[in-house]
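Asks: Just so it is clear, I am handing over work_23.txt, which has compact mmCIF, C-alpha atoms.
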# COMPACT_ATOMS: atom_id res chain seq x y z
CA MET A 1 0.00 0.00 0.00
CA ASN A 2 1.50 3.39 -1.01
CA ILE A 3 1.99 6.36 1.31
CA ARG A 4 -1.12 8.17 0.05
CA ALA A 5 -3.41 5.21 0.63
CA VAL A 6 -1.98 4.74 4.11
CA ALA A 7 -2.34 8.43 4.90
CA ARG A 8 -5.96 8.48 3.76
CA ARG A 9 -6.77 5.75 6.25
CA LEU A 10 -4.78 7.44 8.97
CA GLY A 11 -6.52 10.74 8.32
CA ARG A 12 -9.83 9.07 9.19
CA ARG A 13 -8.39 7.50 12.34
CA LEU A 14 -6.29 10.30 13.74
CA ASP A 15 -9.02 11.85 15.89
CA GLY A 16 -7.74 11.74 19.44
CA MET A 17 -4.30 10.49 18.39
CA VAL A 18 -2.32 13.70 18.73
CA GLY A 19 0.21 11.85 20.89
CA LEU A 20 1.26 9.57 18.01
CA PRO A 21 3.78 11.63 16.02
CA VAL A 22 4.45 8.87 13.48
CA LEU A 23 0.80 8.78 12.42
CA ASN A 24 0.57 12.56 12.35
CA GLY A 25 3.73 12.69 10.29
CA LEU A 26 2.27 10.36 7.68
CA TYR A 27 -0.80 12.54 7.33
CA ASP A 28 1.37 15.67 7.12
CA ARG A 29 3.31 14.09 4.24
CA TYR A 30 0.11 13.25 2.43
CA PHE A 31 -1.31 16.72 3.06
CA ALA A 32 1.83 18.35 1.63
CA SER A 33 1.92 16.22 -1.53
CA ALA A 34 -1.70 15.34 -2.36
CA SER A 35 -2.83 16.57 -5.78
CA GLY A 36 -5.92 16.31 -7.93
CA ASP A 37 -9.44 16.94 -6.67
CA VAL A 38 -8.76 16.78 -2.94
CA ARG A 39 -10.25 18.67 -0.02
CA LEU A 40 -8.06 18.19 3.03
CA PHE A 41 -7.66 20.05 6.31
CA ARG A 42 -4.79 20.22 8.78
CA GLY A 43 -4.27 21.93 12.11
CA ILE A 44 -5.99 24.61 14.19
CA TYR A 45 -4.58 28.15 14.29
CA SER A 46 -5.48 31.45 15.88
CA ASP A 47 -5.38 33.52 12.69
CA PHE A 48 -4.65 33.56 8.95
CA VAL A 49 -1.04 34.70 9.42
CA THR A 50 -0.18 31.69 11.57
CA ALA A 51 -2.01 29.24 9.30
CA ARG A 52 -0.34 30.67 6.21
CA ALA A 53 3.10 30.44 7.81
CA SER A 54 2.51 26.76 8.62
CA ALA A 55 1.76 25.79 5.02
CA PRO A 56 4.19 23.37 3.34
CA ALA A 57 6.45 24.89 0.68
CA THR A 58 5.24 22.36 -1.90
CA LYS A 59 2.42 24.50 -3.33
CA PRO A 60 1.40 28.17 -3.54
CA ILE A 61 -1.07 29.90 -1.23
CA GLY A 62 -4.58 30.72 -2.41
CA TYR A 63 -6.37 30.66 -5.77
CA ASP A 64 -4.43 33.35 -7.62
CA ASN A 65 -2.33 30.97 -9.69
CA GLU A 66 -2.79 29.13 -12.96
CA ALA A 67 -3.16 25.68 -11.42
CA SER A 68 -5.97 26.77 -9.10
CA ALA A 69 -7.77 29.17 -11.46
CA LEU A 70 -9.51 26.44 -13.48
CA ARG A 71 -9.78 23.90 -10.69
CA LEU A 72 -13.57 24.29 -10.40
CA GLU A 73 -14.47 25.21 -13.98
CA HIS A 74 -16.00 21.77 -14.60
CA GLU A 75 -18.56 22.46 -11.85
CA ARG A 76 -20.22 25.29 -13.74
CA HIS A 77 -22.71 22.94 -15.40
CA LYS A 78 -23.40 20.75 -12.38
CA ALA A 79 -25.77 22.17 -9.77
CA SER A 80 -25.37 20.88 -6.25
CA PRO A 81 -28.22 20.16 -3.80
CA THR A 82 -26.71 22.90 -1.63
CA ASP A 83 -27.53 25.43 -4.39
CA TYR A 84 -31.30 25.11 -4.11
CA PRO A 85 -31.91 27.41 -1.12
CA VAL A 86 -30.06 30.19 -2.96
CA MET A 87 -32.02 29.57 -6.14
CA PHE A 88 -35.25 29.65 -4.12
CA TRP A 89 -34.48 33.17 -2.93
CA LEU A 90 -32.99 34.41 -6.20
CA GLN A 91 -36.12 33.53 -8.14
CA LYS A 92 -38.01 35.82 -5.75
CA LEU A 93 -35.45 38.63 -5.72
CA ILE A 94 -34.17 39.01 -9.28
CA ARG A 95 -35.89 41.76 -11.24
CA ASP A 96 -35.39 42.91 -14.81
CA ASP A 97 -32.82 45.52 -13.78
CA SER A 98 -31.10 43.49 -11.04
CA VAL A 99 -27.32 43.40 -10.68
CA VAL A 100 -25.91 40.40 -8.82
CA PHE A 101 -22.46 40.80 -7.23
CA ASP A 102 -21.05 37.29 -6.92
CA TYR A 103 -18.17 37.56 -4.46
CA GLY A 104 -15.64 34.78 -4.98
CA GLY A 105 -17.80 33.40 -7.77
CA ASN A 106 -14.89 31.62 -9.48
CA VAL A 107 -15.39 31.34 -13.26
CA GLY A 108 -19.11 32.09 -12.94
CA THR A 109 -20.07 28.74 -11.44
CA CYS A 110 -23.36 29.92 -9.91
CA PHE A 111 -24.31 31.99 -12.96
CA TYR A 112 -24.07 28.99 -15.28
CA ASN A 113 -25.60 26.51 -12.84
CA PHE A 114 -28.59 28.67 -11.94
CA GLN A 115 -29.49 29.73 -15.48
CA ARG A 116 -30.78 26.22 -16.14
CA TYR A 117 -33.44 26.73 -13.47
CA LEU A 118 -33.99 30.50 -13.31
CA ALA A 119 -35.21 32.66 -16.19
CA TYR A 120 -32.68 35.50 -16.15
CA PRO A 121 -34.30 38.76 -17.24
CA PRO A 122 -32.62 40.15 -20.37
CA ARG A 123 -31.37 43.29 -18.60
CA MET A 124 -30.07 41.52 -15.52
CA ARG A 125 -26.30 41.71 -14.98
CA TRP A 126 -24.09 39.32 -13.03
CA ILE A 127 -20.69 40.54 -11.77
CA VAL A 128 -18.17 38.01 -10.45
CA CYS A 129 -15.45 39.34 -8.16
CA ASP A 130 -12.44 37.06 -7.78
CA VAL A 131 -8.64 37.01 -7.78
CA PRO A 132 -6.92 37.98 -11.07
CA ALA A 133 -6.06 34.46 -12.29
CA VAL A 134 -9.62 33.23 -11.75
CA ALA A 135 -11.23 36.37 -13.20
CA ALA A 136 -9.11 36.10 -16.36
CA ALA A 137 -10.05 32.44 -16.80
CA GLY A 138 -13.72 33.22 -16.21
CA ALA A 139 -13.74 36.08 -18.72
CA ALA A 140 -12.26 33.78 -21.38
CA ILE A 141 -14.90 31.11 -20.71
CA ALA A 142 -17.69 33.73 -20.82
CA ARG A 143 -16.48 34.90 -24.25
CA ASP A 144 -16.43 31.32 -25.52
CA GLU A 145 -19.93 30.62 -24.17
CA GLY A 146 -21.45 33.93 -25.24
CA ALA A 147 -22.43 34.79 -21.66
CA THR A 148 -23.00 38.50 -22.32
CA GLN A 149 -24.73 39.13 -18.97
CA LEU A 150 -21.67 37.91 -17.07
CA SER A 151 -18.64 40.11 -16.30
CA PHE A 152 -15.61 39.87 -14.02
CA THR A 153 -13.76 42.20 -11.69
CA THR A 154 -10.87 41.83 -9.27
CA ASP A 155 -12.00 44.53 -6.86
CA PHE A 156 -15.26 45.88 -5.50
CA GLU A 157 -15.99 48.05 -8.54
CA GLY A 158 -19.69 47.99 -9.27
CA LEU A 159 -20.74 46.83 -5.82
CA GLU A 160 -22.61 50.05 -5.05
CA GLU A 161 -24.89 49.55 -8.06
CA THR A 162 -25.90 46.02 -7.13
CA ASP A 163 -29.00 44.95 -5.25
CA ILE A 164 -28.04 41.31 -4.58
CA PHE A 165 -24.77 40.24 -2.96
CA LEU A 166 -23.98 36.53 -3.26
CA ALA A 167 -21.17 34.79 -1.39
CA SER A 168 -21.25 31.03 -1.89
CA GLY A 169 -18.44 28.96 -0.40
CA VAL A 170 -16.06 31.90 -0.18
CA LEU A 171 -16.21 33.88 3.08
CA GLN A 172 -14.21 31.30 5.02
CA TYR A 173 -11.28 32.01 2.67
CA ILE A 174 -11.34 35.78 3.26
CA GLU A 175 -9.31 37.22 6.12
CA ASP A 176 -11.70 40.18 6.47
CA PRO A 177 -14.88 38.57 5.09
CA VAL A 178 -17.23 41.58 5.13
CA ARG A 179 -14.79 44.36 4.18
CA SER A 180 -16.48 44.75 0.79
CA LEU A 181 -19.84 45.46 2.44
CA ARG A 182 -18.42 47.56 5.26
CA GLU A 183 -16.58 49.89 2.86
CA ALA A 184 -19.28 50.07 0.19
CA ALA A 185 -20.60 53.55 -0.57
CA LYS A 186 -24.02 51.94 -0.95
CA ARG A 187 -24.69 48.47 0.41
CA PRO A 188 -26.72 45.90 -1.53
CA ARG A 189 -30.19 45.40 -0.11
CA HIS A 190 -30.06 41.60 -0.26
CA VAL A 191 -27.22 39.33 0.90
CA LEU A 192 -27.19 35.59 0.24
CA VAL A 193 -24.46 33.57 1.96
CA ASN A 194 -24.10 29.85 1.32
CA ARG A 195 -21.77 26.90 1.94
CA THR A 196 -20.12 28.60 4.89
CA SER A 197 -18.29 26.86 7.75
CA VAL A 198 -20.22 28.03 10.81
CA ARG A 199 -20.20 26.39 14.24
CA GLU A 200 -21.40 27.10 17.78
CA SER A 201 -17.91 27.13 19.35
CA GLU A 202 -15.19 29.77 19.05
CA THR A 203 -13.90 31.05 15.72
CA VAL A 204 -10.66 29.35 14.67
CA VAL A 205 -8.61 28.96 11.50
CA THR A 206 -7.48 25.74 9.84
CA LEU A 207 -5.38 25.12 6.72
CA GLN A 208 -6.96 23.56 3.65
CA SER A 209 -5.32 21.77 0.75
CA ILE A 210 -7.25 21.96 -2.51
CA GLY A 211 -4.67 19.88 -4.36
CA THR A 212 -3.20 22.81 -6.27
CA SER A 213 -2.55 25.15 -3.33
CA PHE A 214 -3.05 25.73 0.39
CA CYS A 215 -5.60 28.13 1.87
CA PRO A 216 -6.13 29.52 5.39
CA TYR A 217 -9.73 28.75 6.22
CA TYR A 218 -12.11 30.07 8.89
CA LEU A 219 -14.39 27.99 11.06
CA PHE A 220 -16.71 30.79 12.20
CA ASN A 221 -18.52 31.07 15.49
CA ARG A 222 -22.18 31.45 14.47
CA LYS A 223 -23.01 34.36 16.76
CA GLU A 224 -19.89 36.31 15.73
CA PHE A 225 -20.52 35.57 12.07
CA LEU A 226 -24.10 36.83 12.15
CA SER A 227 -23.02 39.97 14.00
CA LYS A 228 -20.71 40.87 11.10
CA PHE A 229 -23.87 41.49 9.07
CA THR A 230 -26.24 42.79 11.72
CA ASP A 231 -23.62 45.36 12.75
CA LEU A 232 -23.81 46.68 9.17
CA GLY A 233 -27.57 47.10 9.36
CA TYR A 234 -28.68 43.75 7.97
CA ARG A 235 -31.49 41.61 9.37
CA LEU A 236 -31.43 37.81 9.19
CA VAL A 237 -34.42 36.57 7.18
CA ASP A 238 -33.64 32.90 6.63
CA GLU A 239 -31.08 30.27 7.59
CA TRP A 240 -30.48 26.75 6.27
CA LYS A 241 -28.04 23.86 6.48
CA ASN A 242 -25.90 22.34 3.73
CA PRO A 243 -25.97 18.61 4.57
CA GLY A 244 -23.23 16.53 3.03
CA LEU A 245 -20.81 19.44 3.05
CA GLY A 246 -18.47 19.58 6.04
CA CYS A 247 -14.87 19.29 7.07
CA ARG A 248 -12.80 16.81 9.06
CA ILE A 249 -9.58 17.92 10.71
CA PRO A 250 -7.51 14.88 11.72
CA ALA A 251 -6.39 14.91 15.36
CA HIS A 252 -8.77 17.83 16.07
CA SER A 253 -12.13 16.08 16.11
CA LYS A 254 -13.89 18.70 18.26
CA TYR A 255 -13.57 21.14 15.36
CA ASN A 256 -15.09 18.81 12.76
CA LEU A 257 -18.19 20.05 10.96
CA ASP A 258 -20.83 17.70 9.57
CA GLN A 259 -22.67 20.40 7.63
CA TYR A 260 -22.20 23.98 6.52
CA SER A 261 -24.70 26.84 6.66
CA GLY A 262 -26.46 29.39 4.49
CA PHE A 263 -28.16 32.69 5.30
CA TYR A 264 -30.32 35.36 3.71
CA PHE A 265 -30.01 38.93 5.07
CA VAL A 266 -31.88 42.06 4.05
CA LEU A 267 -30.75 45.63 4.68
CA GLN A 268 -33.04 47.34 7.16
Output the file's structure in the form of C-alpha cells.

Replies:
Amino acid sequence: MNIRAVARRLGRRLDGMVGLPVLNGLYDRYFASASGDVRLFRGIYSDFVTARASAPATKPIGYDNEASALRLEHERHKASPTDYPVMFWLQKLIRDDSVVFDYGGNVGTCFYNFQRYLAYPPRMRWIVCDVPAVAAAGAAIARDEGATQLSFTTDFEGLEETDIFLASGVLQYIEDPVRSLREAAKRPRHVLVNRTSVRESETVVTLQSIGTSFCPYYLFNRKEFLSKFTDLGYRLVDEWKNPGLGCRIPAHSKYNLDQYSGFYFVLQ
C-alpha cells in the first residue's frame, strides 16, 4: 500500500491520536503532496497569518495561480443540492434591472448553474469578483460561451450599483470577510451567503489543501458571524443547512463540521 493510501486511512483514524507523532507525520506528508481533486484540512490556528506560515512549501497559497484558477471550472454545469436554497431566494429577488455581485464566484459557477433553473431577465447583470487568475479564466470562458450578462472584476468596482450580494463557499477564505460590504458607498439590499463553515464554538482557522494550493480557512462562530452582518444594518431573514458538506480535521475532532450553513439577510 503506497503512502497516500496509508495516509488516507490514517486521516480518518487520527481523531484523538495527537500523541502519536508517526501517524501525524504520515498525514502531514500526504497533506503536503496530495494533488488532484482533494479537499483536506490540517491543524488549528489562531489567525490567517499563523495558518499561512505553517503551510508546506510544496504549493502556492490561495487561488491566484494558474493551477488553481480552473480547478472548479467543470462544476459550472453541475448544480449541487446545496444550491437550491439560494435559487429559491434568487427567483423571488431578481428583477429585470437586477445586478448580482457574486463575491468569490470563481469562473461564474453559480451563474451557469442557476441559469438552467432560473429565467434570467434580459437586462439583468451578473458581476463576479475574484482574484486575477480566476477572473481572467472566467472572462475567457464567458467569451467562448457567449455569456454576455456575465462580467468579471478583481476589486469591488460595481458593488454600489448592485442589489443582490452573493457569497457562496467563499467567506471562510477571506481574512476580512465583510470588508467589501463595510466599505461600500451603498450596500446591496439583499445578501445571500451559502456553503459557509459556521459552528457554535469559538472562531478558529485551519489550513486547507485543494490539491493545487493551500488556503487559510475560517471555522466561524455562528453568533460572531451573524453579528458581522447585523452590525452593518442587515437583518437575518432565513437560515439553512448544507448537509453533506463539512470538514474533518484529523487529530482535532472537536472542530469537525458535519454540515455547513447558508443565510439570507436584508438591509433594514

Asks: Neighbours of Ala53 in chain A within 12 Å (all atoms listed in the file; same-chain residues fewer than 5 positions away dropped), as an MDAnalysis selection string?

Replies: chainID A and resid 45:48 60:61 206:207 214:216

Asks: Around the point (-22.9, 24.4, -8.5) (coordinates from the file), which residues reach within 10 Å if we count only C-alpha atoms? Answer as a short mmCIF file (atom, residue, chain, number, x, y, z; two decimals) with C-alpha atoms, in the coordinates of the input.

Replies:
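Everything below was put into out.cif:
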data_model
loop_
_atom_site.label_atom_id
_atom_site.label_comp_id
_atom_site.auth_asym_id
_atom_site.auth_seq_id
_atom_site.Cartn_x
_atom_site.Cartn_y
_atom_site.Cartn_z
CA LEU A 72 -13.57 24.29 -10.40
CA HIS A 74 -16.00 21.77 -14.60
CA GLU A 75 -18.56 22.46 -11.85
CA ARG A 76 -20.22 25.29 -13.74
CA HIS A 77 -22.71 22.94 -15.40
CA LYS A 78 -23.40 20.75 -12.38
CA ALA A 79 -25.77 22.17 -9.77
CA SER A 80 -25.37 20.88 -6.25
CA PRO A 81 -28.22 20.16 -3.80
CA THR A 82 -26.71 22.90 -1.63
CA ASP A 83 -27.53 25.43 -4.39
CA TYR A 84 -31.30 25.11 -4.11
CA GLY A 108 -19.11 32.09 -12.94
CA THR A 109 -20.07 28.74 -11.44
CA CYS A 110 -23.36 29.92 -9.91
CA PHE A 111 -24.31 31.99 -12.96
CA TYR A 112 -24.07 28.99 -15.28
CA ASN A 113 -25.60 26.51 -12.84
CA PHE A 114 -28.59 28.67 -11.94
CA SER A 168 -21.25 31.03 -1.89
#

Asks: If we count all atoms listed in the file, what is near Tyr260 in chain A at a cut-off of 9 Å, once residues fewer than 4 positions away on the same chain are taken out, given as an NGL selection string?

Replies: :A and (194-199 or 240-247)

Asks: Which polymer residues have any atom within 7 Å of an atom of range 127-133 of chain A, counting all atoms listed in the file, with same-chain residues fewer than 4 positions away left out, as an mmCIF file with C-alpha atoms, keeping the file's coordinate frame?

Replies:
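Result saved to selection.cif:
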data_model
loop_
_atom_site.group_PDB
_atom_site.id
_atom_site.type_symbol
_atom_site.label_atom_id
_atom_site.label_comp_id
_atom_site.auth_asym_id
_atom_site.auth_seq_id
_atom_site.Cartn_x
_atom_site.Cartn_y
_atom_site.Cartn_z
ATOM 1 C CA ASP A 64 -4.430 33.350 -7.620
ATOM 2 C CA ASN A 65 -2.330 30.970 -9.690
ATOM 3 C CA GLU A 66 -2.790 29.130 -12.960
ATOM 4 C CA ALA A 69 -7.770 29.170 -11.460
ATOM 5 C CA VAL A 100 -25.910 40.400 -8.820
ATOM 6 C CA PHE A 101 -22.460 40.800 -7.230
ATOM 7 C CA ASP A 102 -21.050 37.290 -6.920
ATOM 8 C CA TYR A 103 -18.170 37.560 -4.460
ATOM 9 C CA GLY A 104 -15.640 34.780 -4.980
ATOM 10 C CA GLY A 105 -17.800 33.400 -7.770
ATOM 11 C CA ASN A 106 -14.890 31.620 -9.480
ATOM 12 C CA GLY A 108 -19.110 32.090 -12.940
ATOM 13 C CA ALA A 137 -10.050 32.440 -16.800
ATOM 14 C CA LEU A 150 -21.670 37.910 -17.070
ATOM 15 C CA SER A 151 -18.640 40.110 -16.300
ATOM 16 C CA PHE A 152 -15.610 39.870 -14.020
ATOM 17 C CA THR A 153 -13.760 42.200 -11.690
ATOM 18 C CA THR A 154 -10.870 41.830 -9.270
ATOM 19 C CA ASP A 155 -12.000 44.530 -6.860
#

Asks: Just the number, please: distance in Å from CA of His190 in chain A to CA of Val204 in chain A, one decimal.

Replies: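 So the answer is 27.4 Å.
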
Asks: Just how far from CA of Trp126 in chain A is CA of Gly146 in chain A, in Å to one decimal?

Replies: 13.6 Å

Asks: Distance CA of Pro121 in chain A-CA of Tyr264 in chain A, one decimal place?

Replies: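 CA of Tyr264 in chain A lies 21.6 Å from CA of Pro121 in chain A.
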
Asks: Name the residues in contact with Ala34 in chain A at a cut-off of 9 Å, using only C-alpha atoms, excluding same-chain residues fewer than 4 positions from it; report them as a ChimeraX atom specification.

Replies: /A:4,29-30,38,40,209-212

Asks: Identify the residues within 6 Å of coordinate (-18.1, 49.3, -3.6) (same frame as the file), considering all atoms listed in the file, and give the answer as a list in words.

Replies: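 Those residues, ordered by chain and then number, are Phe156, Glu157, Leu159, Glu160, Ala184 and Ala185 of chain A.
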